[in-house]
Amino acid sequence: MTPWLITRAVQEATALVERLDRLGIAAAALPCIERAPIEWMPDLAGWAGRQTIFMVTSPFGAQRLLAYWMQLRGRGTIAALTPATSAVLERANLTVDVAATGGSLALAKAVAQHLTGDKHDRPHAQGPVIVWLTSAAGLVEPEQEAAARVLRDVAELHRIVAYETRSPDGLGEQLRLWHGKRVGVVFFSPSACRSFVAARNASGTGPLLERIVCVGQSTLRAWSQLRSRGLPAAIYQADEEAFVAWAAAGR
């Protein structure tokens, strides 16, 4: 059976590998990203009395929002991508008021529509505020830039760097261990796609890629832009549950 390489951060990758193993699906962890939280200071005084939307577009971003929710509770509503990001919040019994699938641009458009739809009913003296918790890498992603332009048309936008996403040390060495072996690879983020391709190109080695799965529209777009000739096109899956069901059906 061709194994699946799971490119999530190490703890998330290990948990999914164990889940697949229980289903009889061969898998191994190949962490292509690692995340580190970055502390930030909510501007509670600046947002007071204003319609505030806290926006998150990744599961780790949702975790960073949860870490500050004791300070933020009652001070705004939440917008989140669905299903994976919103699920983190809903498991903590938080309500997601604005949701969208397909990536940060889709969520930005949903938030803009939400704000435009209720603008005549706002009791706030000042305009709305959108507080978007993201990563340092996310700030330079083209899709995030496009989403930010949409949001700035309807609100004051604060993009908060709440965590860092980076390529782990030794990824090239890990790829060498898989050199020449046939594998499938599943990506859960654009950052993981970038790290994998950069390490593969730099090391000149790696596994033989039989299948690629991208979870989420943003991840699919990233792989489509990054893959060179000869690398397989990706199969799209909406979330982890969809990927697991699909992999189990084909084992």
# chains A, B, ... in the order shown; residues from 1 in each chain; ligands from 1
$ residues_around --residues "Ile53 (chain A)" --least-positions-apart "2" --cutoff "10 Å" --atoms "only C-alpha atoms" --output "PDB file with C-alpha atoms, in the first residue's frame"
ATOM      1  CA  ARG A  50     -17.779  50.074  17.562  1.00  0.00           C
ATOM      2  CA  GLN A  51     -19.125  47.081  15.692  1.00  0.00           C
ATOM      3  CA  MET A  55     -11.933  37.100  11.767  1.00  0.00           C
ATOM      4  CA  VAL A  56      -9.912  33.873  11.556  1.00  0.00           C
ATOM      5  CA  ARG A  75     -16.795  42.828  22.499  1.00  0.00           C
ATOM      6  CA  GLY A  76     -17.558  41.546  19.013  1.00  0.00           C
ATOM      7  CA  THR A  77     -18.739  38.763  16.759  1.00  0.00           C
ATOM      8  CA  ILE A  78     -16.756  36.090  14.922  1.00  0.00           C
ATOM      9  CA  ALA A  79     -16.186  35.375  11.236  1.00  0.00           C
ATOM     10  CA  ASP A  97     -21.753  34.623  13.044  1.00  0.00           C
ATOM     11  CA  VAL A  98     -20.278  34.864   9.524  1.00  0.00           C
ATOM     12  CA  VAL A 111     -18.055  39.729   5.893  1.00  0.00           C
ATOM     13  CA  LEU A 115     -21.665  44.612   7.056  1.00  0.00           C
ATOM     14  CA  PRO A 128     -17.003  48.927  12.013  1.00  0.00           C
ATOM     15  CA  VAL A 129     -13.676  47.304  12.834  1.00  0.00           C
ATOM     16  CA  ILE A 130     -12.414  43.967  11.529  1.00  0.00           C
ATOM     17  CA  VAL A 131      -9.674  42.276  13.563  1.00  0.00           C
ATOM     18  CA  TRP A 132      -8.109  39.535  11.458  1.00  0.00           C
ATOM     19  CA  ALA A 155     -14.436  48.708   7.575  1.00  0.00           C
ATOM     20  CA  LEU A 157      -9.063  46.599   9.094  1.00  0.00           C
TER      21      LEU A 157
END
$ residues_around --residues "region 37-46 of chain A" --least-positions-apart "3" --cutoff "7 Å" --atoms "only C-alpha atoms" --output "VMD selection string"
chain A and resid 161 to 164
$ residues_around --residues "Pro232 (chain A)" --least-positions-apart "6" --cutoff "10 Å" --atoms "only C-alpha atoms" --output "list in words"
Leu209, Glu210, Arg211, Ile212, Val213, Trp223 and Ser224 of chain A
$ select_by_dssp --residues "region 102-155 of chain A" --states "strand (DSSP E or B)" --output "PyMOL selection string"
chain A and resi 129-135
$ write_last_selection --atoms "N, CA and C atoms" --output "PDB file, in the first residue's frame"
ATOM      1  N   VAL A 129     -15.076  47.728  12.761  1.00  0.00           N
ATOM      2  CA  VAL A 129     -13.676  47.304  12.834  1.00  0.00           C
ATOM      3  C   VAL A 129     -13.611  45.809  12.576  1.00  0.00           C
ATOM      4  N   ILE A 130     -12.672  45.391  11.745  1.00  0.00           N
ATOM      5  CA  ILE A 130     -12.414  43.967  11.529  1.00  0.00           C
ATOM      6  C   ILE A 130     -11.019  43.661  12.060  1.00  0.00           C
ATOM      7  N   VAL A 131     -10.944  42.700  12.966  1.00  0.00           N
ATOM      8  CA  VAL A 131      -9.674  42.276  13.563  1.00  0.00           C
ATOM      9  C   VAL A 131      -9.375  40.872  13.042  1.00  0.00           C
ATOM     10  N   TRP A 132      -8.423  40.795  12.143  1.00  0.00           N
ATOM     11  CA  TRP A 132      -8.109  39.535  11.458  1.00  0.00           C
ATOM     12  C   TRP A 132      -6.834  38.953  12.052  1.00  0.00           C
ATOM     13  N   LEU A 133      -6.946  37.808  12.724  1.00  0.00           N
ATOM     14  CA  LEU A 133      -5.797  37.127  13.297  1.00  0.00           C
ATOM     15  C   LEU A 133      -5.194  36.210  12.249  1.00  0.00           C
ATOM     16  N   THR A 134      -3.934  36.450  11.914  1.00  0.00           N
ATOM     17  CA  THR A 134      -3.294  35.687  10.859  1.00  0.00           C
ATOM     18  C   THR A 134      -1.837  35.427  11.228  1.00  0.00           C
ATOM     19  N   SER A 135      -1.080  34.908  10.278  1.00  0.00           N
ATOM     20  CA  SER A 135       0.341  34.626  10.493  1.00  0.00           C
ATOM     21  C   SER A 135       1.189  35.632   9.733  1.00  0.00           C
TER      22      SER A 135
END
$ closest_residue --among "A:Leu208, A:Ala199, A:Ala222, A:Ile235" --to "Gly180 (chain A)" --atoms "only C-alpha atoms"
A:Leu208
$ atom_distance --atom1 "CA of Phe54 (chain A)" --atom2 "CA of Met70 (chain A)"
13.6 Å
$ closest_residue --among "A:Pro168, A:Gly24, A:Gly102, A:Gly138" --to "Phe196 (chain A)" --atoms "only C-alpha atoms"
A:Pro168
$ residues_around --residues "Gln11 (chain A)" --least-positions-apart "4" --cutoff "10 Å" --atoms "only C-alpha atoms" --output "list in words"
Ala15, Leu16, Val17, Ala29, Pro31 and Glu34 of chain A
$ select_by_dssp --residues "region 24-112 of chain A" --states "alpha helix (DSSP H)" --output "number ranges by chain"
A: 44-47, 59-67, 69-72, 84-91, 104-112
$ write_last_selection --atoms "C-alpha atoms" --output "compact mmCIF listing (two decimals), in the first residue's frame"
# COMPACT_ATOMS: atom_id res chain seq x y z
CA LEU A 44 -10.01 47.30 23.64
CA ALA A 45 -10.23 51.08 24.09
CA GLY A 46 -9.95 51.72 20.35
CA TRP A 47 -12.67 49.19 19.54
CA PRO A 59 -7.52 26.43 12.76
CA PHE A 60 -4.41 27.74 14.52
CA GLY A 61 -5.69 31.30 14.11
CA ALA A 62 -8.89 30.12 15.82
CA GLN A 63 -6.81 28.72 18.67
CA ARG A 64 -5.07 32.08 19.03
CA LEU A 65 -8.47 33.81 19.22
CA LEU A 66 -9.55 31.36 21.91
CA ALA A 67 -6.42 32.17 23.90
CA TRP A 69 -11.34 35.20 24.39
CA MET A 70 -11.61 35.98 28.11
CA GLN A 71 -10.59 39.55 27.23
CA LEU A 72 -12.65 39.70 24.04
CA ALA A 84 -12.10 23.22 9.85
CA THR A 85 -11.56 26.69 11.36
CA SER A 86 -15.12 27.18 12.57
CA ALA A 87 -15.07 23.71 14.13
CA VAL A 88 -12.27 24.77 16.52
CA LEU A 89 -14.43 27.62 17.79
CA GLU A 90 -17.66 25.66 17.92
CA ARG A 91 -16.00 22.94 20.00
CA SER A 104 -9.88 34.07 2.91
CA LEU A 105 -11.22 35.98 -0.11
CA ALA A 106 -14.55 34.17 0.11
CA LEU A 107 -14.79 34.95 3.82
CA ALA A 108 -13.89 38.60 3.20
CA LYS A 109 -16.72 38.89 0.70
CA ALA A 110 -19.14 37.28 3.17
CA VAL A 111 -18.06 39.73 5.89
CA ALA A 112 -18.43 42.68 3.50
$ closest_residue --among "A:Thr165, A:Ser203, A:Thr52, A:Ser189" --to "Leu177 (chain A)" --atoms "only C-alpha atoms"
A:Ser203
$ residues_around --residues "Trp4 (chain A)" --least-positions-apart "5" --cutoff "9 Å" --atoms "only C-alpha atoms" --output "PDB file with N, CA and C atoms, in the first residue's frame"
ATOM      1  N   VAL A  17      -1.835  10.612  11.622  1.00  0.00           N
ATOM      2  CA  VAL A  17      -1.191   9.336  11.288  1.00  0.00           C
ATOM      3  C   VAL A  17      -1.778   8.216  12.149  1.00  0.00           C
ATOM      4  N   ILE A  25      -4.814   2.383   7.134  1.00  0.00           N
ATOM      5  CA  ILE A  25      -4.267   3.194   6.043  1.00  0.00           C
ATOM      6  C   ILE A  25      -2.820   3.546   6.392  1.00  0.00           C
ATOM      7  N   ALA A  26      -1.897   3.190   5.517  1.00  0.00           N
ATOM      8  CA  ALA A  26      -0.483   3.471   5.770  1.00  0.00           C
ATOM      9  C   ALA A  26      -0.219   4.970   5.693  1.00  0.00           C
ATOM     10  N   ALA A  27       0.457   5.515   6.685  1.00  0.00           N
ATOM     11  CA  ALA A  27       0.740   6.944   6.717  1.00  0.00           C
ATOM     12  C   ALA A  27       1.959   7.201   7.594  1.00  0.00           C
ATOM     13  N   ALA A  28       2.598   8.325   7.340  1.00  0.00           N
ATOM     14  CA  ALA A  28       3.750   8.751   8.134  1.00  0.00           C
ATOM     15  C   ALA A  28       3.755  10.268   8.207  1.00  0.00           C
ATOM     16  N   ALA A  29       4.311  10.784   9.284  1.00  0.00           N
ATOM     17  CA  ALA A  29       4.393  12.232   9.450  1.00  0.00           C
ATOM     18  C   ALA A  29       5.595  12.788   8.697  1.00  0.00           C
ATOM     19  N   VAL A 183       4.874   7.565  -2.817  1.00  0.00           N
ATOM     20  CA  VAL A 183       4.039   8.037  -1.724  1.00  0.00           C
ATOM     21  C   VAL A 183       2.895   8.891  -2.270  1.00  0.00           C
ATOM     22  N   GLY A 184       1.904   9.102  -1.422  1.00  0.00           N
ATOM     23  CA  GLY A 184       0.939  10.168  -1.611  1.00  0.00           C
ATOM     24  C   GLY A 184       1.233  11.235  -0.572  1.00  0.00           C
ATOM     25  N   VAL A 185       0.945  12.461  -0.896  1.00  0.00           N
ATOM     26  CA  VAL A 185       1.201  13.559   0.040  1.00  0.00           C
ATOM     27  C   VAL A 185      -0.088  14.352   0.211  1.00  0.00           C
ATOM     28  N   VAL A 186      -0.421  14.693   1.453  1.00  0.00           N
ATOM     29  CA  VAL A 186      -1.601  15.506   1.717  1.00  0.00           C
ATOM     30  C   VAL A 186      -1.154  16.803   2.390  1.00  0.00           C
ATOM     31  N   ARG A 211       0.255  10.599  -5.744  1.00  0.00           N
ATOM     32  CA  ARG A 211      -0.972  11.375  -5.592  1.00  0.00           C
ATOM     33  C   ARG A 211      -0.727  12.539  -4.644  1.00  0.00           C
TER      34      ARG A 211
END
$ atom_distance --atom1 "CA of Met1 (chain A)" --atom2 "CA of Leu20 (chain A)"
12.8 Å
$ closest_residue --among "A:Pro142, A:Gly170, A:Gly204, A:Pro83" --to "Asp239 (chain A)" --atoms "only C-alpha atoms"
A:Pro83
$ closest_residue --among "A:Leu30, A:Thr2, A:Ser167, A:Val215" --to "Thr14 (chain A)" --atoms "only C-alpha atoms"
A:Leu30
$ closest_residue --among "A:Leu81, A:Val244, A:Val96, A:Ala202" --to "Ser218 (chain A)" --atoms "only C-alpha atoms"
A:Leu81
$ atom_distance --atom1 "CA of Gln225 (chain A)" --atom2 "CA of Ala137 (chain A)"
16.6 Å
